[in-house]
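J.: So here's data07.txt (compact mmCIF, C-alpha atoms).
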```txt
# COMPACT_ATOMS: atom_id res chain seq x y z
CA MET A 1 176.33 -18.85 230.73
CA SER A 2 176.80 -17.56 234.26
CA ASN A 3 173.51 -19.03 235.56
CA LYS A 4 172.88 -15.87 237.55
CA LYS A 5 169.17 -15.06 237.59
CA THR A 6 168.00 -11.88 235.89
CA GLN A 7 166.98 -9.18 238.35
CA VAL A 8 164.32 -6.57 237.61
CA VAL A 9 164.42 -3.37 239.67
CA THR A 10 161.12 -1.49 239.58
CA PHE A 11 160.46 2.20 240.14
CA GLY A 12 157.13 4.00 240.15
CA CYS A 13 153.57 2.92 239.58
CA ARG A 14 151.60 -0.31 239.80
CA LEU A 15 151.62 -0.58 236.02
CA ASN A 16 155.41 -0.75 236.18
CA THR A 17 155.07 -3.51 238.80
CA TYR A 18 152.90 -5.48 236.40
CA GLU A 19 155.20 -4.84 233.45
CA SER A 20 158.24 -5.89 235.46
CA GLU A 21 156.69 -9.35 235.75
CA VAL A 22 156.22 -9.39 231.97
CA ILE A 23 159.85 -8.30 231.52
CA LYS A 24 161.16 -11.02 233.82
CA THR A 25 159.12 -13.68 232.03
CA HIS A 26 160.43 -12.60 228.62
CA ALA A 27 164.02 -12.32 229.83
CA ASP A 28 163.89 -15.79 231.39
CA ASN A 29 162.30 -17.30 228.28
CA ALA A 30 164.98 -15.66 226.13
CA GLY A 31 167.68 -17.26 228.26
CA LEU A 32 169.07 -13.94 229.45
CA ASP A 33 171.20 -14.31 232.56
CA ASN A 34 173.53 -12.21 234.68
CA ALA A 35 171.44 -9.14 233.86
CA ILE A 36 169.91 -6.34 235.91
CA ILE A 37 166.97 -4.57 234.28
CA PHE A 38 165.90 -1.18 235.61
CA ASN A 39 162.24 -0.35 234.89
CA THR A 40 162.28 3.40 235.48
CA CYS A 41 159.72 6.07 236.33
CA ALA A 42 159.60 9.65 235.06
CA VAL A 43 156.78 11.10 237.14
CA THR A 44 159.27 13.32 239.01
CA ALA A 45 162.86 14.36 238.48
CA GLU A 46 163.64 12.70 241.80
CA ALA A 47 162.39 9.33 240.52
CA THR A 48 164.82 9.55 237.59
CA ARG A 49 167.67 10.62 239.88
CA GLN A 50 167.06 7.65 242.16
CA ALA A 51 167.12 5.29 239.18
CA LYS A 52 170.48 6.63 238.02
CA GLN A 53 171.86 6.31 241.54
CA SER A 54 170.69 2.67 241.70
CA ILE A 55 172.24 1.91 238.31
CA ARG A 56 175.64 3.22 239.43
CA ARG A 57 175.41 1.26 242.67
CA ALA A 58 174.48 -1.90 240.81
CA ARG A 59 177.46 -1.56 238.47
CA ARG A 60 179.86 -1.21 241.39
CA LYS A 61 178.47 -4.34 243.02
CA ASN A 62 178.08 -6.31 239.79
CA PRO A 63 180.91 -5.30 237.41
CA ASP A 64 180.23 -8.19 235.00
CA ALA A 65 176.43 -7.89 234.81
CA ASN A 66 174.49 -6.75 231.74
CA ILE A 67 172.63 -3.60 232.77
CA ILE A 68 169.49 -2.74 230.79
CA VAL A 69 167.45 0.42 231.38
CA THR A 70 163.83 0.76 230.29
CA GLY A 71 160.60 2.40 231.46
CA CYS A 72 159.24 5.92 231.13
CA ALA A 73 162.48 7.78 231.92
CA ALA A 74 164.29 5.76 229.24
CA GLN A 75 161.47 6.28 226.74
CA ILE A 76 161.30 10.04 227.23
CA ASP A 77 165.04 10.74 227.31
CA PRO A 78 167.15 7.72 226.33
CA GLY A 79 170.21 9.93 225.93
CA GLN A 80 170.51 10.49 229.67
CA PHE A 81 171.12 6.74 230.09
CA SER A 82 173.11 6.06 226.91
CA SER A 83 175.66 8.58 228.18
CA MET A 84 176.19 6.47 231.32
CA ASP A 85 179.13 4.08 231.07
CA GLU A 86 177.35 1.73 233.49
CA VAL A 87 174.50 1.03 231.03
CA ASP A 88 174.71 -1.68 228.36
CA ARG A 89 171.36 -1.19 226.66
CA ILE A 90 168.28 1.06 226.67
CA LEU A 91 164.83 -0.23 225.72
CA GLY A 92 161.68 1.79 225.13
CA ASN A 93 158.33 1.09 226.80
CA GLU A 94 157.12 -0.91 223.80
CA GLU A 95 160.37 -2.81 223.27
CA LYS A 96 160.64 -3.87 226.90
CA LEU A 97 157.51 -6.03 226.54
CA THR A 98 158.80 -8.27 223.73
CA GLU A 99 160.93 -11.38 224.20
CA LYS A 100 163.03 -10.49 221.16
CA SER A 101 164.54 -7.54 223.05
CA TYR A 102 166.27 -9.94 225.46
CA GLN A 103 167.64 -12.35 222.85
CA ASP A 104 171.11 -12.23 221.29
CA PHE A 105 172.44 -9.80 223.86
CA GLY A 106 175.84 -9.63 222.19
CA ILE A 107 175.12 -6.23 220.66
CA SER A 108 177.39 -3.54 219.29
CA GLN A 109 177.69 -0.05 220.75
CA SER A 110 175.61 1.39 217.91
CA GLU A 111 172.70 -0.86 218.84
CA ARG A 112 172.59 0.11 222.49
CA VAL A 113 169.40 2.17 222.19
CA ALA A 114 166.14 0.56 221.04
CA VAL A 115 163.43 3.16 221.62
CA ASN A 116 160.67 3.77 219.10
CA ASP A 117 158.11 6.57 218.69
CA ILE A 118 155.64 5.69 221.45
CA MET A 119 152.97 7.92 219.88
CA SER A 120 152.88 5.57 216.88
CA VAL A 121 151.79 2.62 219.03
CA LYS A 122 148.07 1.99 218.50
CA THR A 123 147.37 -1.14 220.53
CA THR A 124 148.16 -2.65 223.91
CA ALA A 125 148.72 -6.37 223.73
CA PRO A 126 147.64 -8.57 226.63
CA HIS A 127 150.53 -10.23 228.43
CA LEU A 128 149.49 -13.50 230.03
CA ILE A 129 151.20 -14.00 233.36
CA ASP A 130 150.87 -17.25 235.30
CA GLY A 131 151.69 -15.56 238.58
CA TYR A 132 153.86 -13.14 240.50
CA GLU A 133 156.84 -13.54 242.75
CA GLU A 134 154.63 -11.93 245.39
CA ARG A 135 152.00 -14.64 245.68
CA SER A 136 149.24 -12.64 247.35
CA ARG A 137 147.63 -10.36 244.76
CA ALA A 138 148.04 -9.87 241.02
CA PHE A 139 147.95 -6.81 238.78
CA VAL A 140 146.24 -6.97 235.40
CA GLN A 141 146.80 -4.25 232.82
CA VAL A 142 143.65 -3.18 230.98
CA GLN A 143 144.89 0.06 229.44
CA ASN A 144 148.05 1.99 228.62
CA GLY A 145 148.85 5.57 227.66
CA CYS A 146 146.91 8.80 228.18
CA ASP A 147 145.06 11.19 225.86
CA HIS A 148 145.05 14.03 228.40
CA ARG A 149 147.79 16.59 228.69
CA CYS A 150 147.91 17.81 232.29
CA THR A 151 150.41 20.64 232.44
CA PHE A 152 152.57 19.00 235.13
CA CYS A 153 152.75 15.53 233.58
CA ILE A 154 155.37 14.06 231.26
CA ILE A 155 153.93 10.53 231.31
CA PRO A 156 151.95 10.67 228.01
CA TYR A 157 155.29 11.14 226.25
CA GLY A 158 156.58 7.99 227.92
CA ARG A 159 153.43 5.91 227.46
CA GLY A 160 151.81 7.24 224.29
CA ASN A 161 148.11 7.75 223.63
CA SER A 162 145.41 5.79 225.43
CA ARG A 163 144.77 2.27 224.17
CA SER A 164 142.79 -0.57 225.71
CA VAL A 165 143.04 -4.35 226.06
CA PRO A 166 139.89 -6.15 224.79
CA ALA A 167 137.59 -7.32 227.57
CA GLY A 168 137.74 -10.99 226.58
CA GLU A 169 141.51 -11.03 226.91
CA VAL A 170 141.33 -9.29 230.30
CA VAL A 171 138.80 -11.84 231.55
CA SER A 172 140.96 -14.73 230.28
CA GLN A 173 144.01 -13.35 232.09
CA ILE A 174 142.10 -12.95 235.35
CA GLN A 175 140.58 -16.44 235.08
CA LYS A 176 144.06 -17.87 234.60
CA LEU A 177 145.36 -16.08 237.70
CA VAL A 178 142.37 -17.16 239.78
CA ASP A 179 142.88 -20.75 238.62
CA ASN A 180 146.46 -20.41 239.88
CA GLY A 181 145.25 -19.43 243.34
CA TYR A 182 145.09 -15.62 243.30
CA GLN A 183 142.11 -14.26 245.23
CA GLU A 184 142.65 -10.53 244.65
CA ILE A 185 143.15 -8.75 241.32
CA ILE A 186 144.07 -5.10 240.88
CA ILE A 187 143.02 -3.51 237.60
CA THR A 188 145.81 -1.21 236.48
CA GLY A 189 146.84 1.12 233.67
CA VAL A 190 147.91 4.72 233.14
CA ASP A 191 144.38 6.18 233.00
CA ILE A 192 142.02 3.25 233.51
CA THR A 193 138.82 5.34 233.51
CA SER A 194 139.56 6.21 229.88
CA TYR A 195 139.22 2.51 229.02
CA GLY A 196 137.31 1.47 225.92
CA PRO A 197 136.63 4.12 223.25
CA ASP A 198 139.32 2.65 220.98
CA LEU A 199 137.64 -0.78 221.06
CA PRO A 200 134.62 -2.03 219.05
CA GLY A 201 131.36 -1.11 220.75
CA ASN A 202 133.01 1.56 222.92
CA PRO A 203 132.99 -0.38 226.20
CA THR A 204 133.73 1.39 229.48
CA LEU A 205 135.67 0.51 232.61
CA GLY A 206 132.36 -0.14 234.30
CA SER A 207 131.20 -2.63 231.68
CA LEU A 208 134.62 -4.31 231.84
CA CYS A 209 134.34 -4.74 235.61
CA GLN A 210 130.83 -6.13 235.20
CA LYS A 211 132.14 -8.72 232.73
CA ILE A 212 135.01 -9.68 235.04
CA LEU A 213 132.76 -10.20 238.06
CA LYS A 214 130.15 -12.11 236.03
CA ASN A 215 132.55 -14.34 234.10
CA VAL A 216 135.05 -15.06 236.90
CA PRO A 217 132.69 -16.02 239.74
CA ASP A 218 135.51 -17.52 241.84
CA LEU A 219 137.34 -14.18 242.04
CA LYS A 220 137.08 -13.07 245.66
CA ARG A 221 138.36 -9.49 245.48
CA LEU A 222 138.63 -6.90 242.69
CA ARG A 223 140.40 -3.57 243.15
CA LEU A 224 140.96 -0.52 240.99
CA SER A 225 144.36 1.14 240.99
CA SER A 226 143.69 4.87 240.54
CA ILE A 227 140.64 6.43 238.92
CA ASP A 228 139.68 9.83 237.56
CA SER A 229 136.33 10.38 239.27
CA ILE A 230 135.08 12.75 236.56
CA GLU A 231 135.35 9.87 234.04
CA THR A 232 133.44 7.35 236.18
CA ASP A 233 130.57 5.90 234.15
CA GLU A 234 127.28 4.74 235.65
CA ALA A 235 128.15 1.07 235.21
CA LEU A 236 131.34 1.58 237.22
CA PHE A 237 129.45 3.49 239.90
CA ASP A 238 126.97 0.59 240.14
CA VAL A 239 129.79 -1.97 240.49
CA ILE A 240 131.58 0.11 243.14
CA THR A 241 128.48 0.61 245.22
CA GLY A 242 126.60 -2.61 244.51
CA ASP A 243 129.03 -5.53 244.30
CA ARG A 244 130.73 -6.57 247.53
CA ARG A 245 133.57 -8.24 245.62
CA MET A 246 134.66 -4.78 244.50
CA MET A 247 136.79 -3.65 247.41
CA PRO A 248 135.59 -0.52 249.27
CA HIS A 249 138.75 1.48 248.67
CA LEU A 250 139.05 4.01 245.84
CA HIS A 251 142.20 5.94 245.03
CA LEU A 252 141.32 9.19 243.28
CA SER A 253 143.48 11.30 240.99
CA LEU A 254 142.48 14.66 242.49
CA GLN A 255 145.82 16.57 242.37
CA ALA A 256 144.41 19.77 243.95
CA GLY A 257 141.39 21.24 245.70
CA ASP A 258 141.44 24.75 244.26
CA ASN A 259 139.61 25.47 241.02
CA MET A 260 142.14 27.94 239.64
CA ILE A 261 145.01 25.53 240.26
CA LEU A 262 142.99 22.69 238.72
CA LYS A 263 142.44 24.88 235.65
CA ARG A 264 146.15 25.67 235.42
CA MET A 265 146.89 21.97 235.77
CA LYS A 266 144.49 21.41 232.85
CA ARG A 267 142.48 18.94 234.88
CA ARG A 268 138.95 18.06 233.77
CA HIS A 269 137.19 18.34 237.11
CA THR A 270 136.45 21.04 239.68
CA ARG A 271 136.67 20.96 243.45
CA GLU A 272 132.90 20.63 243.57
CA ASP A 273 132.98 17.61 241.23
CA SER A 274 135.32 15.77 243.61
CA ILE A 275 133.20 16.50 246.67
CA GLU A 276 129.99 15.52 244.89
CA PHE A 277 131.48 12.22 243.71
CA CYS A 278 132.67 11.22 247.17
CA GLU A 279 129.36 12.18 248.78
CA ARG A 280 127.42 10.21 246.15
CA VAL A 281 129.55 7.09 246.63
CA LEU A 282 129.28 7.23 250.43
CA LYS A 283 125.53 7.69 250.26
CA ALA A 284 125.24 4.48 248.22
CA ARG A 285 127.98 2.54 250.04
CA PRO A 286 128.95 4.10 253.38
CA ASP A 287 131.90 1.75 254.04
CA VAL A 288 133.99 3.05 251.10
CA VAL A 289 137.25 4.81 252.00
CA PHE A 290 139.11 7.15 249.67
CA GLY A 291 142.74 7.75 248.91
CA ALA A 292 143.99 10.57 246.69
CA ASP A 293 146.98 12.03 244.91
CA ILE A 294 147.52 15.70 245.78
CA ILE A 295 150.31 17.99 244.59
CA ALA A 296 151.55 20.63 247.03
CA GLY A 297 153.14 23.87 245.86
CA PHE A 298 152.06 23.85 242.21
CA PRO A 299 153.29 26.95 240.34
CA THR A 300 151.30 30.12 241.25
CA GLU A 301 149.63 28.40 244.24
CA THR A 302 148.85 30.98 246.93
CA GLU A 303 148.30 30.16 250.59
CA ASP A 304 144.52 30.50 250.10
CA MET A 305 144.66 28.12 247.12
CA PHE A 306 146.63 25.63 249.17
CA GLU A 307 144.10 25.90 252.01
CA ASN A 308 141.43 24.75 249.55
CA SER A 309 143.46 21.59 248.90
CA LEU A 310 143.98 21.14 252.63
CA ARG A 311 140.23 21.43 253.25
CA LEU A 312 139.57 18.84 250.56
CA VAL A 313 140.94 16.17 252.94
CA ASP A 314 137.88 16.70 255.14
CA ASP A 315 135.45 17.67 252.38
CA CYS A 316 136.10 14.41 250.48
CA ASN A 317 136.71 12.37 253.64
CA LEU A 318 140.13 11.23 252.38
CA THR A 319 141.78 8.45 254.39
CA TYR A 320 144.96 7.71 252.43
CA LEU A 321 146.91 10.61 250.98
CA HIS A 322 149.69 10.29 248.42
CA VAL A 323 151.29 13.74 248.60
CA PHE A 324 153.79 15.09 246.07
CA PRO A 325 155.69 18.34 246.55
CA TYR A 326 155.50 19.78 243.03
CA SER A 327 158.51 18.75 240.96
CA GLU A 328 159.06 20.54 237.66
CA ARG A 329 159.61 18.29 234.67
CA GLU A 330 161.45 19.71 231.67
CA GLY A 331 159.18 19.65 228.63
CA THR A 332 155.93 20.29 230.52
CA PRO A 333 153.97 23.60 230.43
CA ALA A 334 153.97 23.84 234.23
CA ALA A 335 157.77 23.97 234.27
CA LYS A 336 157.54 27.32 232.47
CA MET A 337 155.11 28.82 235.00
CA PRO A 338 156.27 30.97 237.95
CA GLN A 339 157.72 28.49 240.45
CA LEU A 340 157.33 28.50 244.23
CA ASP A 341 160.37 28.19 246.44
CA LYS A 342 161.09 24.54 247.20
CA SER A 343 160.92 25.23 250.93
CA ILE A 344 157.29 26.34 250.49
CA ARG A 345 156.46 23.21 248.51
CA LYS A 346 158.06 21.04 251.18
CA GLU A 347 156.27 22.82 254.04
CA ARG A 348 152.87 22.54 252.34
CA ALA A 349 153.44 18.88 251.56
CA SER A 350 154.23 18.32 255.23
CA ARG A 351 150.97 19.97 256.29
CA LEU A 352 149.00 17.87 253.83
CA ARG A 353 150.66 14.68 255.06
CA GLU A 354 149.89 15.61 258.66
CA ALA A 355 146.22 16.18 257.77
CA GLY A 356 146.20 12.84 255.99
CA LYS A 357 147.76 11.08 258.98
CA LYS A 358 145.05 12.41 261.29
CA LYS A 359 142.32 11.14 258.97
CA ALA A 360 144.05 7.76 258.64
CA ASP A 361 144.43 7.47 262.42
CA GLN A 362 140.73 8.24 262.84
CA PHE A 363 139.77 5.53 260.38
CA PHE A 364 142.16 2.93 261.77
CA ASN A 365 140.94 3.55 265.32
CA SER A 366 137.34 3.15 264.09
CA GLN A 367 138.24 -0.38 262.99
CA ILE A 368 139.01 -1.59 266.53
CA GLY A 369 136.51 -4.28 267.48
CA ARG A 370 135.42 -4.86 263.88
CA GLU A 371 135.62 -8.09 261.96
CA VAL A 372 137.79 -7.76 258.85
CA GLN A 373 139.10 -9.95 256.07
CA ILE A 374 142.85 -9.81 255.59
CA LEU A 375 144.66 -10.91 252.45
CA ILE A 376 147.87 -12.42 253.82
CA GLU A 377 150.99 -11.17 252.05
CA LYS A 378 153.87 -12.08 254.35
CA SER A 379 154.42 -14.54 257.18
CA ILE A 380 156.30 -13.72 260.38
CA LYS A 381 157.34 -17.13 261.65
CA ASP A 382 158.96 -15.95 264.89
CA ASP A 383 155.74 -14.25 266.00
CA TRP A 384 153.39 -16.84 264.52
CA ALA A 385 151.77 -13.92 262.73
CA ALA A 386 151.23 -12.55 259.24
CA ILE A 387 151.03 -9.18 257.51
CA GLY A 388 148.41 -8.19 254.96
CA HIS A 389 145.71 -5.70 254.03
CA THR A 390 142.02 -5.53 254.86
CA GLU A 391 139.22 -4.89 252.37
CA HIS A 392 139.81 -1.15 252.91
CA PHE A 393 143.52 -1.63 252.17
CA ALA A 394 144.40 -0.96 255.79
CA PRO A 395 147.73 -2.63 256.73
CA ALA A 396 147.16 -5.32 259.32
CA LYS A 397 149.08 -7.82 261.41
CA ILE A 398 147.11 -10.96 262.14
CA MET A 399 148.12 -13.06 265.13
CA GLY A 400 147.89 -16.75 264.27
CA GLY A 401 149.23 -16.30 260.78
CA GLY A 402 148.20 -18.24 257.72
CA PRO A 403 149.39 -19.09 254.21
CA ILE A 404 150.37 -16.29 251.81
CA GLY A 405 147.53 -15.44 249.43
CA HIS A 406 144.89 -16.68 251.86
CA ILE A 407 142.02 -14.40 252.96
CA ALA A 408 141.65 -14.74 256.71
CA ASN A 409 138.78 -13.60 258.90
CA ALA A 410 140.01 -11.64 261.90
CA ARG A 411 138.87 -9.22 264.57
CA VAL A 412 140.80 -5.98 265.10
CA LYS A 413 142.09 -5.68 268.66
CA SER A 414 144.20 -2.53 268.49
CA TYR A 415 146.00 -0.03 266.30
CA GLN A 416 149.73 0.54 266.75
CA ASP A 417 152.36 2.40 264.74
CA GLY A 418 150.35 2.61 261.54
CA ILE A 419 149.11 -0.97 261.49
CA LEU A 420 145.99 -2.78 262.72
CA ILE A 421 146.58 -5.66 265.15
CA ALA A 422 144.04 -8.45 264.67
CA GLU A 423 143.35 -11.97 265.92
CA SER A 424 142.38 -14.79 263.58
CA MET A 425 138.78 -16.04 263.65
CA HIS A 426 137.08 -19.07 262.13
CA ASP A 427 137.66 -18.87 258.37
CA ARG A 428 134.32 -18.70 256.56
CA ASN A 429 136.07 -19.06 253.19
CA ARG A 430 136.86 -22.73 253.69
```
Reformat the file's structure so that it appears as structure tokens.
T.:
Amino acid sequence: MSNKKTQVVTFGCRLNTYESEVIKTHADNAGLDNAIIFNTCAVTAEATRQAKQSIRRARRKNPDANIIVTGCAAQIDPGQFSSMDEVDRILGNEEKLTEKSYQDFGISQSERVAVNDIMSVKTTAPHLIDGYEERSRAFVQVQNGCDHRCTFCIIPYGRGNSRSVPAGEVVSQIQKLVDNGYQEIIITGVDITSYGPDLPGNPTLGSLCQKILKNVPDLKRLRLSSIDSIETDEALFDVITGDRRMMPHLHLSLQAGDNMILKRMKRRHTREDSIEFCERVLKARPDVVFGADIIAGFPTETEDMFENSLRLVDDCNLTYLHVFPYSEREGTPAAKMPQLDKSIRKERASRLREAGKKKADQFFNSQIGREVQILIEKSIKDDWAAIGHTEHFAPAKIMGGGPIGHIANARVKSYQDGILIAESMHDRNR
């Protein structure tokens, strides 16, 4: 035994962040040491390239470590990692979540790859986590996989079909985390608005959120990771607009603002659907802010089509943009479509980001003088200050500091370099 702690290196989405905590718990319980586990992402070719680069760097720095690769990139194409001399073992997305995978690590070369058929997996087991290394907020998985087949997306082949965690088990997990001091929970999954049809009684994400808020009364803040607005049920709409413990920040999977491109992406909504949803939410709860994923330079996208996506920033009043220059993924229908030059994709992504920055600056400046509640995530001892996020997920620096995981009342004094500057006020939560 080397007594070197197992490291987990995470790429990609919030679900991977959650699963990395599960991985670390299982690896520690199995007694695995001197290991580096890479939990990869396959959403873009660049994400996979970065993972490989990190694996090679880790091997140079840690020649004696056991290197394990898992996650979506390993599930979809395990061969690309088994051919790397730096890698000791490859685990699929199902295998990575079992303690057995990290036991008896003295394996032969023929046993290096443990990746099953993800499409055969029918359930998603709850994984009870006492806490996170980051002590401020916790992620709770309610769903995995996806039944949709967007033409640009490889993720269903890494995650399998949609499957849901029963509501009672979700509530129990959240209660446990709240009992351990967590005040903010983020509901996560691959396609969380598809929650429920595989469970008895066909519950929905909305009914799940209602159960969480009713049965865990001490939970201060509930967030949703990313939602498909076209799948939002009435119960979810009511929770978003009617319960102040649901944070007023929604991240939408929009992907484009042109109807022809949306059709070629095989999305289930139109431009008009997105605008109508945002308008309806704001009418019922005017303080909600929206983020969105948008792809720039999708195959066949003309300048006029792109302008429709650009206009969507204003039409949907988007504050936080997550912009992707289109990246072709082998094995997806979009990769076979006529491709735009990468310079065009890059230029359009830049224009989208600039539009997003202007909207974000407008919102952040509108917060000056307002009272906000900041979940403290990091202390800055030298400045007697702390860093965190407001209810709207705006990054904020609070002068006066406070303990990590604490929700502090503060008043915003200024906005500098992408972050709100606030001063601590009397804490009403005590």
J.: List the neighbours of Val412 in chain A out to 6 Å using all atoms listed in the file; skip same-chain residues closer than 6 positions along the sequence, and give me the result as a ChimeraX atom specification.
T.: /A:368-370,421-422
J.: I'd like to know which of A:Leu15, A:Val171, A:Glu391, A:Arg59 is closest to Asn215 in chain A, using all atoms listed in the file.
T.: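 Result for the nearest residue to Asn215 in chain A: A:Val171.
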J.: Tell me which protein, DNA and RNA residues are within 9 Å of Pro248 in chain A, counting only C-alpha atoms, leaving out same-chain ones fewer than 5 positions away, and put them as a VMD selection string.
T.: chain A and resid 223 240 to 241 285 287 to 290 391 to 393
J.: Rounded to one decimal in Å, what is the spacing between CA of Lys283 in chain A and CA of Gly206 in chain A?
T.: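 Separating CA of Lys283 in chain A from CA of Gly206 in chain A is a distance of 19.0 Å.
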J.: Separation of CA of Met247 in chain A and CA of Ile187 in chain A, in Å?
T.: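 Calculated distance between CA of Met247 in chain A and CA of Ile187 in chain A is 11.6 Å.
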J.: Considering all atoms listed in the file, return as a count of residues only whatever protein or nucleic-acid residues lie within 9 Å of range 398-405 of chain A, sequence-local ones (same chain, fewer than 5 positions apart) excluded.
T.: 30
J.: Please identify all polymer residues within 12 Å of range 257-265 of chain A, counting all atoms listed in the file, omitting same-chain residues fewer than 5 positions from it, and present them as a ChimeraX atom specification.
T.: /A:148-153,270-275,292-316,326,332-338,352
J.: Return the single residue from A:Gln173, A:Asn66, A:Asn29, A:Asn39 that is closest to Lys4 in chain A, with distances computed using only C-alpha atoms.
T.: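 Between A:Gln173, A:Asn66, A:Asn29, A:Asn39, the residue approaching Lys4 in chain A most closely is A:Asn66.
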J.: For CA of Asp88 in chain A and CA of Val22 in chain A, determine how far apart the two atoms are, in Å to one decimal place.
T.: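 Interatomic distance, CA of Asp88 in chain A to CA of Val22 in chain A: 20.4 Å.
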J.: Write out as a ChimeraX atom specification the residues lying within 7 Å of Ala27 in chain A, counting only C-alpha atoms and excluding same-chain residues fewer than 4 positions away.
T.: /A:23,31-32,99,102
J.: Choose the residue, out of A:His251, A:Arg280, A:Lys214, A:His269, that has the smallest atom-to-atom separation from Tyr320 in chain A; count all atoms listed in the file.
T.: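 Closest to Tyr320 in chain A, using all atoms listed in the file: A:His251.
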J.: Pick the closest to Leu224 in chain A from A:His26, A:Arg56, A:Arg14, A:Arg353: which is it, counting only C-alpha atoms?
T.: A:Arg14
J.: From the set A:Ala167, A:Cys72, A:Ile55, A:Ile90, which residue has the shortest atom-to-atom contact distance to Pro203 in chain A, counting only C-alpha atoms?
T.: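 Nearest to Pro203 in chain A: A:Ala167.
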